Amino acid sequence: MSDEVHLDSNVPGNPAYHFTIVPAGAPARAGWARRAPLVAGAGLATRCVHAGVQPDPAYGAVMPPIYQSSTFAFRDVCTNAGYDYTRSGNPTRAALEEAIAALEGGGGATCTSTGMSAVLVALNLLPHRSHLLATVDCYGGTFRALEHARAAYGLEVTYLDLADLAAVERALRPGTGMVWIETPSNPLLRLTDVRAVAALARARGALTAVDNTFLSPVLQRPFELGADLVVHSTTKYLNGHSDVVGGAVVAAPGRTALLQRIQSTNNLLGTSQSPHDAFLVLRGLKTLLLRMKAHEAGAAAVAAWLERHPAVARVHYPGLASHPQHELALRQQQGFGGMLSFELVDGRPARVDHVLRTLRWFTLAESLGGVESLVAHPASMTHASMTPEARRRAGITDSVIRLSIGIEDPADLIADLDETLAGLPA
Ligand SMILES: *Cc1c(COP(=O)(O)O)cnc(C)c1O
């Protein structure tokens, strides 16, 4: 066993044994006829394609094989190839984790079975009875998870409008362990100044977690703004093809202890992502940059068109000059994204229902970020689990209609909306 690499001479808890990791199937002359790519210095499009991916050491497969195995053979007592059990680690999932960390500019990532389990991994970093500040219009599932943690584990939660920096400063206290940011928020596309809130949190010893699902690292990179953790529902844009659920938690660069904690928490909760699902997300990532550009071009066209329509009272889209935080969007985002919502001048239920039932290219469905356009009614769908009072406080009226703009021709989407709004019942 001349190719053994001695990485660790101690078996934790049993110094009588030492542990050895042998690279899987390492060829005599390591590598393939290509120099190692310099992913860290590469542009975003290059990173989308190459991050986390090298020719497989066994046969040179250009895409990582789906290591669909629950367990991994030991080469000898205390000697393995770096993996022992798929809940704890899997080569296919590791490729995706490396790719997402590289796109976010983070120090490392852990991939989870769903976006919600990514939220749970992040929340489980908090000690018993900590205090958390969350944006008042956070994702419905996150709200439910926070309310559960409040009831079951004594987590204290303050919901507030994070745009109000004075209120954030007042609400931070010695026991505050984390500030939870979602920007843009769902479904009203309100923005949080990540740099300002993260600075306040850091001064008080609290972690800042940013749910970056709505923009993806193509359009917003929270670590550059001072965040400690980035959370994703990879179900949405990162995968982009509406065929998998998944999540990720990313630690800021240089934060080795924090990275180890998210990895071990994912392992202990048993929330790690299956190799097959990880493979699908990795495949989706290749086209992330191209897709985000198409989503955004479509959303910008639809938002501008809706804003001029006489039946439409308000359009919520950070790319519009009329968005109250348009300046902040220009400053902290690399683009405006593919999500928007709007409200009718006369938003009686029969008229909202007409829109939801009449559209052709927009499927009435929850979720977002896929190549196909979707329409959703937050009050009866994504945000139905909030109390009416919480919805009212968050400004989510029954007439808000949310659109996830796919990558179809914007002209087709606009024609569909035109025909639908023309047929609104009196
Ligand atoms: C969808 C979503 C989640 C939850 O992700 P799942 O993959 O559905 O579990 C969390 N945050 C945001 C912003 C989301 O859109």
# chains A, B, ... in the order shown; residues from 1 in each chain; ligands from 1

call {"tool": "select_by_dssp", "arguments": {"residues": "region 7-231 of chain A", "states": "alpha helix (DSSP H)", "output": "VMD selection string"}}
result
chain A and resid 44 to 50 91 to 104 115 to 123 140 to 153 165 to 171 194 to 203 216 to 219

call {"tool": "residues_around", "arguments": {"residues": "Ala196 (chain A)", "least_positions_apart": "6", "cutoff": "12 Å", "atoms": "only C-alpha atoms", "output": "tab-separated table (two decimals) with N, CA, C and O atoms, in the first residue's frame"}}
result
chain	number	residue	atom	x	y	z
A	162	LEU	N	-36.83	44.62	8.99
A	162	LEU	CA	-35.38	44.82	9.10
A	162	LEU	C	-34.92	46.06	8.33
A	162	LEU	O	-33.75	46.44	8.42
A	163	ALA	N	-35.84	46.67	7.57
A	163	ALA	CA	-35.47	47.93	6.91
A	163	ALA	C	-35.37	49.07	7.93
A	163	ALA	O	-34.73	50.08	7.68
A	164	ASP	N	-35.99	48.87	9.08
A	164	ASP	CA	-35.97	49.88	10.14
A	164	ASP	C	-34.75	49.61	11.04
A	164	ASP	O	-34.81	48.87	12.02
A	165	LEU	N	-33.61	50.23	10.68
A	165	LEU	CA	-32.35	49.91	11.37
A	165	LEU	C	-32.38	50.31	12.85
A	165	LEU	O	-31.77	49.64	13.68
A	166	ALA	N	-33.11	51.37	13.16
A	166	ALA	CA	-33.21	51.78	14.58
A	166	ALA	C	-33.94	50.70	15.37
A	166	ALA	O	-33.55	50.37	16.50
A	168	VAL	N	-33.99	47.52	14.60
A	168	VAL	CA	-33.07	46.39	14.70
A	168	VAL	C	-32.13	46.60	15.88
A	168	VAL	O	-31.91	45.71	16.70
A	169	GLU	N	-31.59	47.80	15.96
A	169	GLU	CA	-30.65	48.11	17.03
A	169	GLU	C	-31.30	47.95	18.41
A	169	GLU	O	-30.70	47.40	19.33
A	179	VAL	N	-29.49	36.82	13.46
A	179	VAL	CA	-30.45	37.66	12.74
A	179	VAL	C	-30.74	36.95	11.43
A	179	VAL	O	-29.81	36.54	10.72
A	181	ILE	N	-32.21	37.02	7.77
A	181	ILE	CA	-32.55	37.96	6.69
A	181	ILE	C	-33.02	37.19	5.46
A	181	ILE	O	-32.42	36.16	5.11
A	202	ARG	N	-23.09	41.92	14.20
A	202	ARG	CA	-21.73	41.55	14.59
A	202	ARG	C	-21.29	42.31	15.83
A	202	ARG	O	-20.66	41.75	16.74
A	203	ALA	N	-21.66	43.59	15.90
A	203	ALA	CA	-21.28	44.41	17.06
A	203	ALA	C	-21.87	43.84	18.35
A	203	ALA	O	-21.33	44.06	19.43
A	208	THR	N	-25.25	36.54	11.42
A	208	THR	CA	-26.21	36.96	10.40
A	208	THR	C	-26.36	35.84	9.38
A	208	THR	O	-25.39	35.41	8.76
A	222	PRO	N	-24.11	37.50	-0.31
A	222	PRO	CA	-24.20	38.05	1.05
A	222	PRO	C	-22.86	38.07	1.80
A	222	PRO	O	-22.67	38.94	2.67
A	225	LEU	N	-21.17	41.18	1.79
A	225	LEU	CA	-21.87	42.22	2.54
A	225	LEU	C	-21.78	41.98	4.05
A	225	LEU	O	-22.40	42.70	4.84
A	226	GLY	N	-21.04	40.95	4.48
A	226	GLY	CA	-20.81	40.75	5.91
A	226	GLY	C	-21.60	39.63	6.56
A	226	GLY	O	-21.56	39.49	7.78
A	227	ALA	N	-22.32	38.82	5.78
A	227	ALA	CA	-23.08	37.71	6.36
A	227	ALA	C	-22.14	36.61	6.86
A	227	ALA	O	-21.02	36.46	6.36
A	328	LEU	N	-31.22	50.73	-3.08
A	328	LEU	CA	-30.54	49.67	-2.33
A	328	LEU	C	-30.32	48.45	-3.23
A	328	LEU	O	-29.25	47.82	-3.18
A	332	GLN	N	-26.70	46.73	-3.63
A	332	GLN	CA	-26.28	45.46	-3.01
A	332	GLN	C	-26.52	44.24	-3.88
A	332	GLN	O	-26.03	43.17	-3.56

call {"tool": "residues_around", "arguments": {"residues": "region 31-46 of chain A", "least_positions_apart": "2", "cutoff": "10 Å", "atoms": "only C-alpha atoms", "output": "number ranges by chain"}}
result
A: 26-29, 48-57, 59-60, 99, 102-105, 217-218, 285-290

call {"tool": "closest_residue", "arguments": {"among": "A:Ala61, A:Ala257, A:Leu219, A:Val249", "to": "ligand 1", "atoms": "only C-alpha atoms and all ligand atoms"}}
result
A:Val249

call {"tool": "residues_around", "arguments": {"residues": "region 133-138 of chain A", "least_positions_apart": "2", "cutoff": "7 Å", "atoms": "only C-alpha atoms", "output": "compact mmCIF listing (two decimals) with all heavy atoms, in the first residue's frame"}}
result
# COMPACT_ATOMS: atom_id res chain seq x y z
N HIS A 131 -32.13 34.04 21.52
CA HIS A 131 -33.05 35.01 20.92
C HIS A 131 -32.66 35.19 19.45
O HIS A 131 -31.48 35.23 19.12
CB HIS A 131 -32.94 36.34 21.68
CG HIS A 131 -33.72 37.45 21.06
ND1 HIS A 131 -33.14 38.63 20.64
CD2 HIS A 131 -35.05 37.56 20.79
CE1 HIS A 131 -34.09 39.42 20.15
NE2 HIS A 131 -35.24 38.80 20.23
N GLY A 140 -43.00 31.38 4.53
CA GLY A 140 -44.01 30.77 5.39
C GLY A 140 -43.48 29.56 6.16
O GLY A 140 -43.77 29.40 7.35
N THR A 142 -40.38 28.95 6.99
CA THR A 142 -39.42 29.42 7.99
C THR A 142 -40.16 29.97 9.21
O THR A 142 -39.79 29.70 10.35
CB THR A 142 -38.50 30.49 7.37
OG1 THR A 142 -37.83 29.91 6.26
CG2 THR A 142 -37.48 31.00 8.37
N PHE A 143 -41.24 30.71 8.93
CA PHE A 143 -42.08 31.21 10.04
C PHE A 143 -42.59 30.05 10.88
O PHE A 143 -42.52 30.07 12.11
CB PHE A 143 -43.24 32.02 9.44
CG PHE A 143 -44.25 32.48 10.47
CD1 PHE A 143 -43.98 33.54 11.32
CD2 PHE A 143 -45.48 31.84 10.57
CE1 PHE A 143 -44.91 33.95 12.26
CE2 PHE A 143 -46.42 32.25 11.51
CZ PHE A 143 -46.12 33.31 12.36
N VAL A 157 -38.22 34.64 19.62
CA VAL A 157 -38.18 35.20 18.27
C VAL A 157 -38.81 36.58 18.28
O VAL A 157 -39.90 36.76 18.82
CB VAL A 157 -38.93 34.31 17.27
CG1 VAL A 157 -38.69 34.80 15.84
CG2 VAL A 157 -38.52 32.86 17.40
N THR A 158 -38.13 37.53 17.70
CA THR A 158 -38.72 38.85 17.46
C THR A 158 -38.82 39.03 15.95
O THR A 158 -37.81 38.94 15.25
CB THR A 158 -37.84 39.98 18.05
OG1 THR A 158 -37.62 39.71 19.43
CG2 THR A 158 -38.50 41.34 17.87
N TYR A 159 -40.05 39.24 15.46
CA TYR A 159 -40.23 39.53 14.04
C TYR A 159 -40.26 41.03 13.87
O TYR A 159 -40.97 41.72 14.60
CB TYR A 159 -41.56 38.95 13.53
CG TYR A 159 -41.66 37.45 13.69
CD1 TYR A 159 -42.30 36.89 14.79
CD2 TYR A 159 -41.09 36.60 12.74
CE1 TYR A 159 -42.39 35.51 14.93
CE2 TYR A 159 -41.17 35.23 12.88
CZ TYR A 159 -41.82 34.68 13.97
OH TYR A 159 -41.90 33.33 14.12
N LEU A 160 -39.50 41.54 12.94
CA LEU A 160 -39.56 42.97 12.71
C LEU A 160 -39.17 43.33 11.29
O LEU A 160 -38.66 42.49 10.54
CB LEU A 160 -38.73 43.75 13.74
CG LEU A 160 -37.22 43.83 13.61
CD1 LEU A 160 -36.66 44.70 14.71
CD2 LEU A 160 -36.59 42.46 13.67
N ASP A 161 -39.48 44.55 10.92
CA ASP A 161 -39.13 45.07 9.60
C ASP A 161 -37.65 45.43 9.64
O ASP A 161 -37.27 46.43 10.25
CB ASP A 161 -40.01 46.29 9.31
CG ASP A 161 -39.65 46.94 7.99
OD1 ASP A 161 -38.76 46.40 7.28
OD2 ASP A 161 -40.25 47.98 7.67
N LEU A 162 -36.83 44.62 8.99
CA LEU A 162 -35.38 44.82 9.10
C LEU A 162 -34.92 46.06 8.33
O LEU A 162 -33.75 46.44 8.42
CB LEU A 162 -34.63 43.58 8.60
CG LEU A 162 -34.82 42.29 9.42
CD1 LEU A 162 -34.03 41.15 8.79
CD2 LEU A 162 -34.39 42.48 10.86
N MET A 178 -28.79 35.20 16.56
CA MET A 178 -28.83 35.21 15.10
C MET A 178 -29.83 36.23 14.60
O MET A 178 -30.86 36.46 15.24
CB MET A 178 -29.23 33.80 14.61
CG MET A 178 -29.09 33.57 13.12
SD MET A 178 -29.53 31.85 12.67
CE MET A 178 -28.04 30.96 13.12
N VAL A 179 -29.49 36.82 13.46
CA VAL A 179 -30.45 37.66 12.74
C VAL A 179 -30.74 36.95 11.43
O VAL A 179 -29.81 36.54 10.72
CB VAL A 179 -29.90 39.08 12.49
CG1 VAL A 179 -30.92 39.91 11.71
CG2 VAL A 179 -29.55 39.75 13.81
N TRP A 180 -32.02 36.76 11.13
CA TRP A 180 -32.43 36.00 9.94
C TRP A 180 -32.94 36.97 8.87
O TRP A 180 -33.97 37.62 9.06
CB TRP A 180 -33.54 35.01 10.32
CG TRP A 180 -33.80 34.04 9.22
CD1 TRP A 180 -34.67 34.20 8.17
CD2 TRP A 180 -33.15 32.79 9.02
NE1 TRP A 180 -34.60 33.10 7.33
CE2 TRP A 180 -33.67 32.23 7.84
CE3 TRP A 180 -32.17 32.09 9.74
CZ2 TRP A 180 -33.25 30.99 7.35
CZ3 TRP A 180 -31.75 30.86 9.26
CH2 TRP A 180 -32.30 30.32 8.08
N ILE A 181 -32.21 37.02 7.77
CA ILE A 181 -32.55 37.96 6.69
C ILE A 181 -33.02 37.19 5.46
O ILE A 181 -32.42 36.16 5.11
CB ILE A 181 -31.30 38.81 6.30
CG1 ILE A 181 -30.84 39.67 7.48
CG2 ILE A 181 -31.59 39.66 5.07
CD1 ILE A 181 -29.56 40.45 7.19
N GLU A 182 -34.07 37.66 4.84
CA GLU A 182 -34.45 37.19 3.51
C GLU A 182 -34.59 38.41 2.64
O GLU A 182 -35.45 39.25 2.90
CB GLU A 182 -35.81 36.47 3.55
CG GLU A 182 -35.74 35.05 4.00
CD GLU A 182 -37.13 34.42 3.99
OE1 GLU A 182 -37.90 34.67 3.05
OE2 GLU A 182 -37.42 33.69 4.94
N SER A 185 -37.70 39.81 -0.04
CA SER A 185 -38.60 38.97 0.74
C SER A 185 -39.73 38.45 -0.13
O SER A 185 -39.99 38.94 -1.23
CB SER A 185 -39.15 39.76 1.92
OG SER A 185 -40.09 40.71 1.45
N ASN A 186 -40.41 37.47 0.42
CA ASN A 186 -41.46 36.74 -0.27
C ASN A 186 -42.79 37.08 0.40
O ASN A 186 -42.90 36.87 1.61
CB ASN A 186 -41.14 35.25 -0.11
CG ASN A 186 -42.15 34.35 -0.76
OD1 ASN A 186 -42.85 34.75 -1.66
ND2 ASN A 186 -42.21 33.11 -0.28
N ALA A 394 -47.48 41.74 7.93
CA ALA A 394 -46.47 41.64 6.88
C ALA A 394 -46.92 42.31 5.57
O ALA A 394 -46.17 42.37 4.61
CB ALA A 394 -46.13 40.17 6.63

call {"tool": "residues_near_ligand", "arguments": {"ligand": "ligand 1", "cutoff": "10 Å", "atoms": "only C-alpha atoms and all ligand atoms", "output": "PyMOL selection string"}}
result
chain A and resi 112-120+138-143+181-187+210-215+231-237+244-248+366-369+382

call {"tool": "residues_around", "arguments": {"residues": "Arg331 (chain A)", "least_positions_apart": "5", "cutoff": "12 Å", "atoms": "only C-alpha atoms", "output": "compact mmCIF listing (two decimals) with C-alpha atoms, in the first residue's frame"}}
result
# COMPACT_ATOMS: atom_id res chain seq x y z
CA LEU A 191 -35.17 44.46 0.66
CA THR A 192 -32.95 44.37 3.70
CA ASP A 193 -29.67 46.28 3.78
CA VAL A 194 -27.48 43.25 4.53
CA ARG A 195 -24.32 45.29 5.13
CA LEU A 219 -27.36 38.21 -8.40
CA GLN A 220 -26.44 38.61 -4.71
CA ARG A 221 -23.46 37.51 -2.64
CA LEU A 225 -21.87 42.22 2.54
CA PRO A 318 -36.90 45.81 -7.16
CA GLY A 319 -35.89 46.61 -10.74
CA GLN A 325 -35.72 50.47 -2.26
CA HIS A 326 -34.59 50.55 -5.87
CA PHE A 336 -33.15 42.22 -9.81

call {"tool": "select_by_dssp", "arguments": {"residues": "region 22-227 of chain A", "states": "strand (DSSP E)", "output": "PyMOL selection string"}}
result
chain A and resi 79-80+108-112+131-135+156-160+176-182+207-211

call {"tool": "write_last_selection", "arguments": {"atoms": "C-alpha atoms", "output": "mmCIF file, in the first residue's frame"}}
result
data_model
loop_
_atom_site.group_PDB
_atom_site.id
_atom_site.type_symbol
_atom_site.label_atom_id
_atom_site.label_comp_id
_atom_site.auth_asym_id
_atom_site.auth_seq_id
_atom_site.Cartn_x
_atom_site.Cartn_y
_atom_site.Cartn_z
ATOM 1 C CA THR A 79 -8.166 2.974 6.534
ATOM 2 C CA ASN A 80 -10.741 4.345 4.126
ATOM 3 C CA GLY A 108 -17.592 25.564 2.500
ATOM 4 C CA ALA A 109 -21.137 24.257 2.389
ATOM 5 C CA THR A 110 -23.319 21.416 3.523
ATOM 6 C CA CYS A 111 -26.202 20.215 1.342
ATOM 7 C CA THR A 112 -29.521 19.203 2.834
ATOM 8 C CA HIS A 131 -33.053 35.009 20.916
ATOM 9 C CA LEU A 132 -33.418 35.417 17.154
ATOM 10 C CA LEU A 133 -34.440 38.430 15.085
ATOM 11 C CA ALA A 134 -36.304 37.565 11.907
ATOM 12 C CA THR A 135 -37.710 39.577 9.075
ATOM 13 C CA GLU A 156 -37.269 33.576 21.576
ATOM 14 C CA VAL A 157 -38.180 35.205 18.274
ATOM 15 C CA THR A 158 -38.723 38.847 17.464
ATOM 16 C CA TYR A 159 -40.235 39.528 14.039
ATOM 17 C CA LEU A 160 -39.561 42.974 12.713
ATOM 18 C CA THR A 176 -29.434 37.444 20.495
ATOM 19 C CA GLY A 177 -27.735 34.581 18.672
ATOM 20 C CA MET A 178 -28.831 35.208 15.104
ATOM 21 C CA VAL A 179 -30.451 37.658 12.738
ATOM 22 C CA TRP A 180 -32.433 36.002 9.945
ATOM 23 C CA ILE A 181 -32.550 37.963 6.687
ATOM 24 C CA GLU A 182 -34.452 37.185 3.510
ATOM 25 C CA LEU A 207 -24.590 35.682 13.583
ATOM 26 C CA THR A 208 -26.209 36.958 10.401
ATOM 27 C CA ALA A 209 -27.895 34.331 8.236
ATOM 28 C CA VAL A 210 -29.156 35.309 4.777
ATOM 29 C CA ASP A 211 -31.640 33.187 2.866
#

call {"tool": "closest_residue", "arguments": {"among": "A:Arg144, A:Ser70, A:Glu419, A:Gly154", "to": "Ala384 (chain A)", "atoms": "only C-alpha atoms"}}
result
A:Arg144

call {"tool": "closest_residue", "arguments": {"among": "A:Phe342, A:Tyr85, A:Tyr67, A:Tyr153", "to": "His377 (chain A)", "atoms": "only C-alpha atoms"}}
result
A:Phe342

call {"tool": "atom_distance", "arguments": {"atom1": "CA of Leu126 (chain A)", "atom2": "CA of Leu172 (chain A)"}}
result
15.1 Å

call {"tool": "atom_distance", "arguments": {"atom1": "CA of Glu97 (chain A)", "atom2": "CA of Val250 (chain A)"}}
result
8.4 Å

call {"tool": "residues_around", "arguments": {"residues": "Ser264 (chain A)", "least_positions_apart": "2", "cutoff": "12 Å", "atoms": "only C-alpha atoms", "output": "MDAnalysis selection string"}}
result
chainID A and resid 87:89 109:112 121:122 124:125 249 257:262 266:272
